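A.B. asks: One structure, pasted below without further comment.
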Amino acid sequence: MTDTTPETHEPGLENLLTEDRRFPPSPEFTAQANAQHGLYAWANADRPSFWAEQARELLSWEKPFEEVLDWSRAPFARWFADGTINAAYNAVDRHVEAGNGDRVALHFEGEGGDTRTVTYADLQREVSKAANAFTALGVGTGDRVAIYLPLIPEAVIAMLACARIGAPHSVVFGGFSAEALSSRINDAEAKLVVTADGGYRRGSASALKPAVDEALTKGTPSVQHVLVVKRTGQDVAWNDEVDVWWSDVVDTASDQHTPVALEAEHPLFILYTSGTTGKPKGIFHTTGGYLTQAAFTHRNVFDLKPETDVYWCTADVGWITGHTYVVYGPLINGATQVIYEGTPDTPHRGRWWEIIEKYKVTILYTAPTAIRTCMKWGEEIPGKFDLSSLRVLGSVGEPINPEAWIWYRRVIGGDRTPIVDTWWQTETGAIMISPLPGVTETKPGSAQVPLPGIAADVVDDEARPVPDGGGGYLVLTEPWPSMLRGIWGDPDRYVDTYWSRFQGLYFAGDGAKKDADGDIWLLGRVDDVMNVSGHRLSTTEIESALVSHPWVAEAAVVGAADETTGQAVVAFVILRGDAGGGDQEADAVQTELRNHVAKEIGPIAKPRQILVVAELPKTRSGKIMRRLLRDVAEHRQVGDATTLADSSVMDLIAQGLSAPG
Ligand code: WT7
């Protein structure tokens, strides 16, 4: 059973409900905005037809659809199911056919300062070549391809080449370990893995190919080839039977390729995300509905003007934000965008602002953790750069505390730009709750209103909508075009996880409040999922990684409030007396176990802190009471412990922690 008491876990959110600053849109912005207030009434009158209109207007269909929504097998939705379409054609070819081949699609900026400019015509040639090469390597429509690359143009090209031939891609973030990679390859039964020798990170070349080699030695029977992009030129181990260089097979392939017309419900991609159990879920999305909502939200939430804007979303393509708002949304809309390989502080802490000045970025989409980090570094740093090109700022990934919101608007946005705080999830595929720039009077810290065509509510334990001013659980009450179509290979887990908590409602896993105006304020996860720097991590997954170490008998992991990362991973472990761990110094245990977690999952999952304890607090039924551990990790008075099987455990933990050494 999951403890689903809504609680506030995020720093600075305590003051959310007293936040009363308001930012009305400027008349100048409203006059030119893509989104107009009438969209809400239009969508409310008939949601499915509203989305059908968007699908026809924003996308080019190979065969137009007649059917709109089939919800007869709920919660398994079908949108626009009798139409056929190709995602890569929509993202690339049609812009070239419309005479915009010379428009820049990607301004690539490498961490070391190397650059590449990729126009839509270039992209058409590169994606066609890659599609031909993938086909020659035996990848057919319906086969899966794993992509494990740094954020370089080939990542975008590989994704689009998959879409072009109808081979669902499964992008695995380059920061994930060989272990995580191999389990994702196997779950999706990927036939091809696309990777690179390495990428640049924090000023040096960091290897990727060895992780793929290691993943393959663990046993990945479905993999026939590994396609390797040369990025850093570092030495790589080579297996002639499996490995092929991108430069040998893609660069030499024909640049003519006809996109495959696919049914609207053909799977476009699988993306793994953490849930409440140890096993990551392969969330899968299909084509027509996903692209419709990606394009609609990108155009209206960011007010994109493809002829004049320079858009930059700082996400990696390893996350859903990179899928929807680096690849599909912007390219479907014909945008010009920046992609940047490296970290914000390499080689200096002004790197992002330097990039904005250089490319005259007009729309910036990033995460609260990045904003808080920049706040910490000081406003003199962005102050040295000309940021006057910016006209819309977006935030995603976790609740943004009002002070960070205000700083973002004042320091980065020159007190002028609208801010859109966008709530959504890997599962929702695209933005669901957000202000519309030029329409909504914004409130710092609130995502505010469901977008036109989206229905959300906040309900209590019995699924009753809470009144304005009340708090509870965020639910989505109507199907939406870009909704996940399921969990890859596990339809029951899809129904159990999202549709069983409240009859007929999608349970998002977030706590939320409605203010006096009925606007929605997100309060963080209510399940065993943590949010560290906008990345989703499962407590159970990290616990299993910890207990897989011979020193560890038991582990409990909580997300504790952290000023910069939102939440941080704090682990409580019981060591095995017999296995050597008990004789170690606390520091050595910390280091060893932190590295072990990095190896099992990836560096992002490393606990900030590991506390060795003698007991863990458990209920009579054996469930660990993480709520109490969170109190300890956040240095709070420990809350109600009356349901503990042994009520002295918390005293023991508290004593152990305050004891010297
Ligand atoms: C979880 C989804 C959506 C792309 C990035 C994360 C949290 C996301 C917000 C926001 C408050 C937010 C939620 C959600 N979240 N955006 N604007 N305000 N919380 O995708 O990894 O699937 O995580 O991120 O808790 O459930 P994800």
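Please note that chains go A, B, ... in the order of the structure tokens, that every chain numbers its residues from 1, and that ligands are numbered from 1 in the order shown.
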Need the shell around Leu149 of chain A: protein/DNA/RNA residues with any atom at most 9 Å away, counting only C-alpha atoms. Skip same-chain ones fewer than 5 positions apart. Format as a PyMOL selection string?

C.D. replies: chain A and resi 154-155+171-174+194-199+208+229+317-318

A.B. asks: Would you output that residue set with N, CA and C atoms, as a JSON list (two decimals), in the first residue's frame?

C.D. replies:
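Written out: selection.json:
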```json
[["chain", "number", "residue", "atom", "x", "y", "z"],
["A", 154, "GLU", "N", 23.05, 14.19, -34.17],
["A", 154, "GLU", "CA", 22.74, 12.80, -34.51],
["A", 154, "GLU", "C", 21.66, 12.21, -33.62],
["A", 155, "ALA", "N", 21.51, 12.73, -32.41],
["A", 155, "ALA", "CA", 20.44, 12.22, -31.54],
["A", 155, "ALA", "C", 19.08, 12.53, -32.17],
["A", 171, "VAL", "N", 14.85, 6.10, -26.25],
["A", 171, "VAL", "CA", 16.04, 6.88, -25.94],
["A", 171, "VAL", "C", 16.39, 6.65, -24.47],
["A", 172, "VAL", "N", 17.64, 6.31, -24.22],
["A", 172, "VAL", "CA", 18.10, 6.11, -22.85],
["A", 172, "VAL", "C", 19.10, 7.23, -22.56],
["A", 173, "PHE", "N", 18.81, 8.00, -21.52],
["A", 173, "PHE", "CA", 19.66, 9.13, -21.15],
["A", 173, "PHE", "C", 21.11, 8.68, -20.99],
["A", 174, "GLY", "N", 22.05, 9.43, -21.57],
["A", 174, "GLY", "CA", 23.46, 9.08, -21.56],
["A", 174, "GLY", "C", 24.05, 8.99, -20.16],
["A", 194, "VAL", "N", 21.95, 2.77, -31.04],
["A", 194, "VAL", "CA", 22.72, 3.87, -31.63],
["A", 194, "VAL", "C", 23.44, 4.59, -30.49],
["A", 195, "THR", "N", 24.75, 4.70, -30.60],
["A", 195, "THR", "CA", 25.51, 5.35, -29.53],
["A", 195, "THR", "C", 26.64, 6.19, -30.13],
["A", 196, "ALA", "N", 27.53, 6.68, -29.28],
["A", 196, "ALA", "CA", 28.70, 7.44, -29.72],
["A", 196, "ALA", "C", 29.90, 6.95, -28.94],
["A", 197, "ASP", "N", 31.10, 7.26, -29.44],
["A", 197, "ASP", "CA", 32.28, 6.92, -28.66],
["A", 197, "ASP", "C", 32.23, 7.61, -27.30],
["A", 198, "GLY", "N", 31.77, 8.86, -27.33],
["A", 198, "GLY", "CA", 31.65, 9.60, -26.07],
["A", 198, "GLY", "C", 31.01, 10.95, -26.33],
["A", 199, "GLY", "N", 30.97, 11.77, -25.28],
["A", 199, "GLY", "CA", 30.44, 13.13, -25.42],
["A", 199, "GLY", "C", 31.23, 14.03, -24.50],
["A", 208, "LEU", "N", 30.92, 6.78, -23.76],
["A", 208, "LEU", "CA", 29.59, 6.16, -23.76],
["A", 208, "LEU", "C", 29.64, 4.70, -24.23],
["A", 229, "VAL", "N", 28.45, 6.74, -33.46],
["A", 229, "VAL", "CA", 28.81, 8.06, -33.97],
["A", 229, "VAL", "C", 30.17, 8.43, -33.39],
["A", 317, "VAL", "N", 17.52, 15.01, -24.81],
["A", 317, "VAL", "CA", 16.51, 14.17, -25.46],
["A", 317, "VAL", "C", 16.28, 12.85, -24.72],
["A", 318, "GLY", "N", 17.05, 12.57, -23.70],
["A", 318, "GLY", "CA", 16.83, 11.39, -22.87],
["A", 318, "GLY", "C", 15.59, 11.49, -21.99]]
```

A.B. asks: Taking only C-alpha atoms and all ligand atoms into account, list the residues no farther than 6 Å from ligand 1, as a list in words.

C.D. replies: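 Sorted by chain and then by number, the residues are Ile320, Thr321, Val396, Gly397, Glu398, Pro399, Asp421, Thr422, Trp423, Trp424, Gln425, Thr426, Ala447, Gly509, Asp510, Leu522, Gly524, Arg525, Gly534, His535 and Arg536 of chain A.
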
A.B. asks: Output N, CA and C atoms for every residue in that selection, as a PDB file, in the first residue's frame.

C.D. replies:
```pdb
ATOM      1  N   ILE A 320      11.417  13.118 -21.435  1.00  0.00           N
ATOM      2  CA  ILE A 320      10.224  13.414 -22.242  1.00  0.00           C
ATOM      3  C   ILE A 320      10.245  14.872 -22.726  1.00  0.00           C
ATOM      4  N   THR A 321      10.775  15.779 -21.919  1.00  0.00           N
ATOM      5  CA  THR A 321      10.810  17.175 -22.346  1.00  0.00           C
ATOM      6  C   THR A 321      11.607  17.309 -23.644  1.00  0.00           C
ATOM      7  N   VAL A 396       9.562  23.877 -16.157  1.00  0.00           N
ATOM      8  CA  VAL A 396       8.995  22.523 -16.135  1.00  0.00           C
ATOM      9  C   VAL A 396       9.798  21.593 -15.237  1.00  0.00           C
ATOM     10  N   GLY A 397       9.135  20.597 -14.695  1.00  0.00           N
ATOM     11  CA  GLY A 397       9.837  19.511 -14.029  1.00  0.00           C
ATOM     12  C   GLY A 397       9.488  19.350 -12.571  1.00  0.00           C
ATOM     13  N   GLU A 398       9.166  20.431 -11.927  1.00  0.00           N
ATOM     14  CA  GLU A 398       8.808  20.376 -10.512  1.00  0.00           C
ATOM     15  C   GLU A 398       8.148  21.712 -10.183  1.00  0.00           C
ATOM     16  N   PRO A 399       7.529  21.792  -9.012  1.00  0.00           N
ATOM     17  CA  PRO A 399       6.930  23.074  -8.655  1.00  0.00           C
ATOM     18  C   PRO A 399       8.019  24.141  -8.596  1.00  0.00           C
ATOM     19  N   ASP A 421       4.528  28.342 -16.353  1.00  0.00           N
ATOM     20  CA  ASP A 421       4.888  27.210 -15.490  1.00  0.00           C
ATOM     21  C   ASP A 421       4.043  26.040 -15.966  1.00  0.00           C
ATOM     22  N   THR A 422       4.713  25.069 -16.607  1.00  0.00           N
ATOM     23  CA  THR A 422       3.990  24.023 -17.338  1.00  0.00           C
ATOM     24  C   THR A 422       4.006  22.705 -16.579  1.00  0.00           C
ATOM     25  N   TRP A 423       2.848  22.232 -16.188  1.00  0.00           N
ATOM     26  CA  TRP A 423       2.767  20.913 -15.524  1.00  0.00           C
ATOM     27  C   TRP A 423       2.425  19.832 -16.540  1.00  0.00           C
ATOM     28  N   TRP A 424       3.194  18.769 -16.531  1.00  0.00           N
ATOM     29  CA  TRP A 424       2.879  17.576 -17.320  1.00  0.00           C
ATOM     30  C   TRP A 424       3.796  16.463 -16.879  1.00  0.00           C
ATOM     31  N   GLN A 425       3.751  15.330 -17.564  1.00  0.00           N
ATOM     32  CA  GLN A 425       4.515  14.136 -17.171  1.00  0.00           C
ATOM     33  C   GLN A 425       4.925  13.352 -18.407  1.00  0.00           C
ATOM     34  N   THR A 426       5.881  12.432 -18.211  1.00  0.00           N
ATOM     35  CA  THR A 426       6.225  11.488 -19.283  1.00  0.00           C
ATOM     36  C   THR A 426       4.935  10.863 -19.830  1.00  0.00           C
ATOM     37  N   ALA A 447       0.778  26.590 -11.712  1.00  0.00           N
ATOM     38  CA  ALA A 447       0.617  26.241 -13.134  1.00  0.00           C
ATOM     39  C   ALA A 447      -0.782  26.646 -13.605  1.00  0.00           C
ATOM     40  N   GLY A 509      -0.483  11.184  -9.440  1.00  0.00           N
ATOM     41  CA  GLY A 509       0.548  10.971  -8.425  1.00  0.00           C
ATOM     42  C   GLY A 509       1.038  12.256  -7.782  1.00  0.00           C
ATOM     43  N   ASP A 510       0.392  13.385  -8.108  1.00  0.00           N
ATOM     44  CA  ASP A 510       0.781  14.676  -7.535  1.00  0.00           C
ATOM     45  C   ASP A 510      -0.288  15.179  -6.568  1.00  0.00           C
ATOM     46  N   LEU A 522       0.551  22.987  -7.765  1.00  0.00           N
ATOM     47  CA  LEU A 522       1.088  21.641  -7.589  1.00  0.00           C
ATOM     48  C   LEU A 522       1.954  21.592  -6.339  1.00  0.00           C
ATOM     49  N   GLY A 524       3.886  18.637  -5.363  1.00  0.00           N
ATOM     50  CA  GLY A 524       4.877  17.537  -5.313  1.00  0.00           C
ATOM     51  C   GLY A 524       4.186  16.181  -5.271  1.00  0.00           C
ATOM     52  N   ARG A 525       4.999  15.137  -5.410  1.00  0.00           N
ATOM     53  CA  ARG A 525       4.474  13.776  -5.511  1.00  0.00           C
ATOM     54  C   ARG A 525       3.865  13.299  -4.195  1.00  0.00           C
ATOM     55  N   GLY A 534      14.271  17.878 -11.172  1.00  0.00           N
ATOM     56  CA  GLY A 534      13.309  17.656 -12.251  1.00  0.00           C
ATOM     57  C   GLY A 534      13.367  16.262 -12.842  1.00  0.00           C
ATOM     58  N   HIS A 535      14.197  15.391 -12.279  1.00  0.00           N
ATOM     59  CA  HIS A 535      14.266  14.013 -12.771  1.00  0.00           C
ATOM     60  C   HIS A 535      13.561  13.085 -11.795  1.00  0.00           C
ATOM     61  N   ARG A 536      12.842  12.155 -12.383  1.00  0.00           N
ATOM     62  CA  ARG A 536      12.054  11.265 -11.561  1.00  0.00           C
ATOM     63  C   ARG A 536      12.866  10.077 -11.124  1.00  0.00           C
TER      64      ARG A 536
END
```

A.B. asks: Would you pick out the contacts of segment 84-87 of chain A at 9 Å or less, using only C-alpha atoms, so that residues sharing its chain but fewer than 5 positions from it are not included, and give the list as a list in words?

C.D. replies: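 The filter keeps Leu59, Ser60, Trp61, Glu62, Lys63, Pro64, Phe65, Val92, Leu160, Ala163, Arg164, Ile165, Gly166, Pro259, Val260, Ala261, Leu262, Glu263, Ala264, Glu265, Leu268, Thr287, Gly288, Leu291, Tyr328 and Ile332 of chain A.
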
A.B. asks: Using only C-alpha atoms, which residue out of A:Asp93, A:Glu67, A:Glu19, A:Asp114 lies closest to Lys443 of chain A?

C.D. replies: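 Selected residue with least distance to Lys443 of chain A: A:Glu19.
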
A.B. asks: Atom CA of Tyr290 of chain A and atom CA of Tyr89 of chain A are how many Å apart?

C.D. replies: 14.9 Å

A.B. asks: Identify, with DSSP run on backbone atoms, the residues in segment 127-298 of chain A assigned to strand (DSSP E or B), and express the list as a ChimeraX atom specification.

C.D. replies: /A:145-148,169-171,192-196,198-201,204-207,225-229,243-245,262-263,267-273,281-286

A.B. asks: Emit the selected residues as a compact mmCIF listing (two decimals), in the first residue's frame, including N, CA and C atoms.

C.D. replies:
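Below you can see again.txt, which holds the result:
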```
# COMPACT_ATOMS: atom_id res chain seq x y z
N VAL A 145 14.42 0.51 -31.60
CA VAL A 145 15.81 0.98 -31.66
C VAL A 145 16.13 1.71 -30.36
N ALA A 146 17.21 1.33 -29.69
CA ALA A 146 17.63 2.05 -28.48
C ALA A 146 18.63 3.13 -28.89
N ILE A 147 18.48 4.32 -28.33
CA ILE A 147 19.36 5.44 -28.67
C ILE A 147 20.03 5.91 -27.38
N TYR A 148 21.36 5.90 -27.37
CA TYR A 148 22.14 6.23 -26.17
C TYR A 148 23.24 7.18 -26.62
N HIS A 169 11.44 4.37 -31.19
CA HIS A 169 12.73 4.55 -30.52
C HIS A 169 12.55 4.51 -29.01
N SER A 170 13.63 4.07 -28.36
CA SER A 170 13.67 4.09 -26.91
C SER A 170 14.96 4.83 -26.57
N VAL A 171 14.85 6.10 -26.25
CA VAL A 171 16.04 6.88 -25.94
C VAL A 171 16.39 6.65 -24.47
N LEU A 192 18.57 -2.61 -32.66
CA LEU A 192 19.71 -1.76 -32.96
C LEU A 192 19.94 -0.83 -31.78
N VAL A 193 21.22 -0.56 -31.46
CA VAL A 193 21.55 0.45 -30.45
C VAL A 193 22.37 1.52 -31.16
N VAL A 194 21.95 2.77 -31.04
CA VAL A 194 22.72 3.87 -31.63
C VAL A 194 23.44 4.59 -30.49
N THR A 195 24.75 4.70 -30.60
CA THR A 195 25.51 5.35 -29.53
C THR A 195 26.64 6.19 -30.13
N ALA A 196 27.53 6.68 -29.28
CA ALA A 196 28.70 7.44 -29.72
C ALA A 196 29.90 6.95 -28.94
N GLY A 198 31.77 8.86 -27.33
CA GLY A 198 31.65 9.60 -26.07
C GLY A 198 31.01 10.95 -26.33
N GLY A 199 30.97 11.77 -25.28
CA GLY A 199 30.44 13.13 -25.42
C GLY A 199 31.23 14.03 -24.50
N TYR A 200 31.02 15.34 -24.60
CA TYR A 200 31.75 16.26 -23.73
C TYR A 200 30.89 16.67 -22.55
N ARG A 201 31.49 16.57 -21.40
CA ARG A 201 30.76 16.87 -20.17
C ARG A 201 31.75 17.44 -19.17
N SER A 204 35.53 17.64 -20.25
CA SER A 204 36.33 16.54 -20.77
C SER A 204 35.46 15.54 -21.52
N ALA A 205 36.16 14.69 -22.29
CA ALA A 205 35.45 13.68 -23.08
C ALA A 205 35.05 12.54 -22.16
N SER A 206 33.74 12.26 -22.12
CA SER A 206 33.34 11.15 -21.27
C SER A 206 32.76 10.04 -22.15
N ALA A 207 33.21 8.82 -21.87
CA ALA A 207 32.92 7.70 -22.77
C ALA A 207 31.50 7.19 -22.64
N HIS A 225 22.98 -5.00 -34.01
CA HIS A 225 24.06 -4.07 -34.34
C HIS A 225 24.13 -2.91 -33.35
N VAL A 226 25.34 -2.37 -33.23
CA VAL A 226 25.55 -1.14 -32.48
C VAL A 226 26.13 -0.13 -33.46
N LEU A 227 25.42 0.95 -33.64
CA LEU A 227 25.83 1.97 -34.61
C LEU A 227 26.50 3.11 -33.83
N VAL A 228 27.74 3.44 -34.19
CA VAL A 228 28.53 4.33 -33.33
C VAL A 228 28.89 5.64 -34.04
N VAL A 229 28.45 6.74 -33.46
CA VAL A 229 28.81 8.06 -33.97
C VAL A 229 30.17 8.43 -33.39
N ASP A 243 29.50 -4.09 -34.20
CA ASP A 243 29.69 -2.64 -34.25
C ASP A 243 29.86 -2.11 -35.67
N VAL A 244 29.19 -1.00 -35.95
CA VAL A 244 29.40 -0.30 -37.23
C VAL A 244 29.51 1.20 -36.96
N TRP A 245 30.38 1.84 -37.73
CA TRP A 245 30.52 3.29 -37.58
C TRP A 245 29.41 4.00 -38.36
N LEU A 262 2.10 5.65 -41.71
CA LEU A 262 1.79 4.77 -40.57
C LEU A 262 0.42 5.11 -40.00
N GLU A 263 -0.21 4.11 -39.44
CA GLU A 263 -1.48 4.39 -38.77
C GLU A 263 -1.25 5.35 -37.62
N PRO A 267 2.98 2.94 -32.64
CA PRO A 267 3.85 3.46 -31.57
C PRO A 267 5.01 4.29 -32.14
N LEU A 268 5.16 5.50 -31.60
CA LEU A 268 6.25 6.37 -32.04
C LEU A 268 7.49 6.15 -31.17
N PHE A 269 7.27 6.02 -29.85
CA PHE A 269 8.43 5.78 -28.99
C PHE A 269 8.03 5.17 -27.66
N ILE A 270 9.05 4.59 -27.03
CA ILE A 270 8.94 4.10 -25.65
C ILE A 270 9.92 4.96 -24.85
N LEU A 271 9.53 5.37 -23.67
CA LEU A 271 10.46 6.10 -22.81
C LEU A 271 10.28 5.58 -21.40
N TYR A 272 11.39 5.15 -20.81
CA TYR A 272 11.31 4.53 -19.47
C TYR A 272 11.33 5.60 -18.40
N THR A 273 10.48 5.42 -17.40
CA THR A 273 10.45 6.36 -16.30
C THR A 273 10.25 5.60 -15.00
N LYS A 281 9.15 1.80 -15.85
CA LYS A 281 8.02 1.53 -16.75
C LYS A 281 8.34 2.06 -18.14
N GLY A 282 8.09 1.26 -19.16
CA GLY A 282 8.24 1.72 -20.54
C GLY A 282 6.97 2.40 -20.98
N ILE A 283 6.92 3.71 -20.81
CA ILE A 283 5.74 4.47 -21.23
C ILE A 283 5.77 4.54 -22.74
N PHE A 284 4.66 4.18 -23.40
CA PHE A 284 4.73 4.32 -24.85
C PHE A 284 3.67 5.25 -25.40
N HIS A 285 4.10 5.97 -26.41
CA HIS A 285 3.25 6.97 -27.07
C HIS A 285 3.09 6.60 -28.53
N THR A 286 1.94 6.98 -29.08
CA THR A 286 1.69 6.70 -30.49
C THR A 286 1.82 7.98 -31.32
```

A.B. asks: Select, from A:Asp251, A:Glu441, A:Asp519, A:Asp143, the residue with the minimum atom-to-atom distance to Pro168 of chain A, counting only C-alpha atoms.

C.D. replies: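 Counting only C-alpha atoms, the residue closest to Pro168 of chain A is A:Asp143.
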
A.B. asks: Quick one: residues within 10 Å of Arg391 of chain A, only C-alpha atoms counted, chain neighbours fewer than 6 positions away excluded, as a list of chain:residue names?

C.D. replies: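 These residues fall inside the cut-off: A:Phe29, A:Phe302, A:Asp303, A:Asp309, A:Val361, A:Thr362, A:Ile363, A:Leu364, A:Gly413, A:Gly414, A:Arg416, A:Thr417, A:Pro418, A:Ile419.
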
A.B. asks: Record the distance separating atom CA of Ile653 of chain A and atom CA of Ile601 of chain A, expressed in Å with one decimal.

C.D. replies: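 For atom CA of Ile653 of chain A relative to atom CA of Ile601 of chain A, the distance reads 27.4 Å.
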
A.B. asks: Considering only C-alpha atoms, can you say which of A:Ala211, A:Ala35, A:Met375, A:Met650 comes closest to Asn300 of chain A?

C.D. replies: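 Going through A:Ala211, A:Ala35, A:Met375, A:Met650 one by one, the smallest distance to Asn300 of chain A is for A:Ala35.
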
A.B. asks: Quick one: pick out all alpha helix (DSSP H) residues within segment 392-540 of chain A from a backbone DSSP run and write them as JSON, numbers by chain.

C.D. replies: {"A": [402, 403, 404, 405, 406, 407, 491, 492, 493, 494, 495, 496, 497, 498, 499, 539, 540]}

A.B. asks: Could you write out that same residue set with C-alpha atoms as a short mmCIF file (atom, residue, chain, number, x, y, z; two decimals), in the first residue's frame?

C.D. replies:
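Saved file result_39.cif follows:
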```cif
data_model
loop_
_atom_site.label_atom_id
_atom_site.label_comp_id
_atom_site.auth_asym_id
_atom_site.auth_seq_id
_atom_site.Cartn_x
_atom_site.Cartn_y
_atom_site.Cartn_z
CA PRO A 402 7.63 31.91 -6.02
CA GLU A 403 11.04 33.43 -5.24
CA ALA A 404 12.69 31.53 -8.09
CA TRP A 405 9.80 32.48 -10.38
CA ILE A 406 10.20 36.17 -9.51
CA TRP A 407 13.98 36.01 -9.95
CA PRO A 491 -1.23 -3.46 -19.91
CA ASP A 492 -2.33 -4.49 -16.40
CA ARG A 493 0.28 -2.33 -14.75
CA TYR A 494 -1.04 0.60 -16.82
CA VAL A 495 -4.57 0.10 -15.51
CA ASP A 496 -3.37 -0.51 -11.93
CA THR A 497 -1.01 2.42 -11.73
CA TYR A 498 -3.08 5.17 -13.27
CA TRP A 499 -6.74 4.15 -13.40
CA THR A 539 12.66 5.23 -3.84
CA THR A 540 12.21 1.48 -4.36
#
```

A.B. asks: Extract, using only C-alpha atoms, all DNA, RNA and protein residues at most 12 Å from Tyr359 of chain A, discarding same-chain residues fewer than 5 positions from it, and format them as a list in words.

C.D. replies: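 The filter keeps Val104, Leu106, His107, Phe108, Glu109, Thr115, Thr117, Thr308, Asp309, Val310, Tyr311, Trp312, Thr336, Gln337, Val338, Ile339, Tyr340, Trp352, Trp353, Glu354, Leu364, Asp386, Leu387, Ser388, Ser389 and Leu390 of chain A.
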
A.B. asks: At a cut-off of 9 Å, using only C-alpha atoms, what residues contact Arg627 of chain A? Leave out same-chain residues fewer than 5 positions from it and give the result as a PyMOL selection string.

C.D. replies: chain A and resi 3+558+632+638-639

A.B. asks: Take the residues from that selection and put them in a file with N, CA and C atoms, as a PDB file, in the first residue's frame.

C.D. replies:
```pdb
ATOM      1  N   ASP A   3       1.407   5.202   0.915  1.00  0.00           N
ATOM      2  CA  ASP A   3       0.950   6.286   1.781  1.00  0.00           C
ATOM      3  C   ASP A   3       0.709   7.507   0.901  1.00  0.00           C
ATOM      4  N   VAL A 558      14.402   8.174   1.048  1.00  0.00           N
ATOM      5  CA  VAL A 558      13.382   9.229   0.995  1.00  0.00           C
ATOM      6  C   VAL A 558      13.915  10.409   0.184  1.00  0.00           C
ATOM      7  N   VAL A 632      13.151  13.073   9.732  1.00  0.00           N
ATOM      8  CA  VAL A 632      14.530  13.047  10.225  1.00  0.00           C
ATOM      9  C   VAL A 632      15.461  13.718   9.216  1.00  0.00           C
ATOM     10  N   VAL A 638       9.802  14.688  14.573  1.00  0.00           N
ATOM     11  CA  VAL A 638       9.207  13.496  13.947  1.00  0.00           C
ATOM     12  C   VAL A 638       7.704  13.460  14.208  1.00  0.00           C
ATOM     13  N   GLY A 639       6.923  13.216  13.140  1.00  0.00           N
ATOM     14  CA  GLY A 639       5.461  13.257  13.235  1.00  0.00           C
ATOM     15  C   GLY A 639       4.866  12.030  13.907  1.00  0.00           C
TER      16      GLY A 639
END
```

A.B. asks: When distances are computed from only C-alpha atoms, which of A:Glu563, A:Asp457, A:Glu543, A:Asp490 shows the smallest separation from Lys376 of chain A?

C.D. replies: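 Checking each candidate against Lys376 of chain A, we get A:Glu563 as the closest.
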
A.B. asks: Within 9 Å of segment 40-56 of chain A, which residues of segment 272-325 of chain A show up? Give each one with its shortest atom-to-atom distance in Å (one decimal) and the two atoms involved, counting only C-alpha atoms, rows by chain then rising residue number, as JSON lines.

C.D. replies:
```
{"residue": "A:Gly288", "atom": "CA", "partner": "A:Ala55", "partner_atom": "CA", "distance": 7.7}
{"residue": "A:Gly289", "atom": "CA", "partner": "A:Ala55", "partner_atom": "CA", "distance": 7.6}
{"residue": "A:Leu291", "atom": "CA", "partner": "A:Ala55", "partner_atom": "CA", "distance": 8.2}
{"residue": "A:Thr292", "atom": "CA", "partner": "A:Ala55", "partner_atom": "CA", "distance": 5.1}
{"residue": "A:Gln293", "atom": "CA", "partner": "A:Trp51", "partner_atom": "CA", "distance": 8.1}
{"residue": "A:Ala295", "atom": "CA", "partner": "A:Gln54", "partner_atom": "CA", "distance": 8.8}
{"residue": "A:Phe296", "atom": "CA", "partner": "A:Gln54", "partner_atom": "CA", "distance": 6.9}
```

A.B. asks: May I ask which of the residues A:Pro210, A:Thr643, A:Val250, A:Pro607 is the closest one to Asp235 of chain A, counting only C-alpha atoms?

C.D. replies: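 Among the listed residues, the smallest separation from Asp235 of chain A belongs to A:Pro210.
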
A.B. asks: One decimal, in Å: what's the spacing between atom CA of Pro150 of chain A and atom CA of Arg202 of chain A?

C.D. replies: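 Taking atom CA of Pro150 of chain A and atom CA of Arg202 of chain A, their separation equals 12.9 Å.
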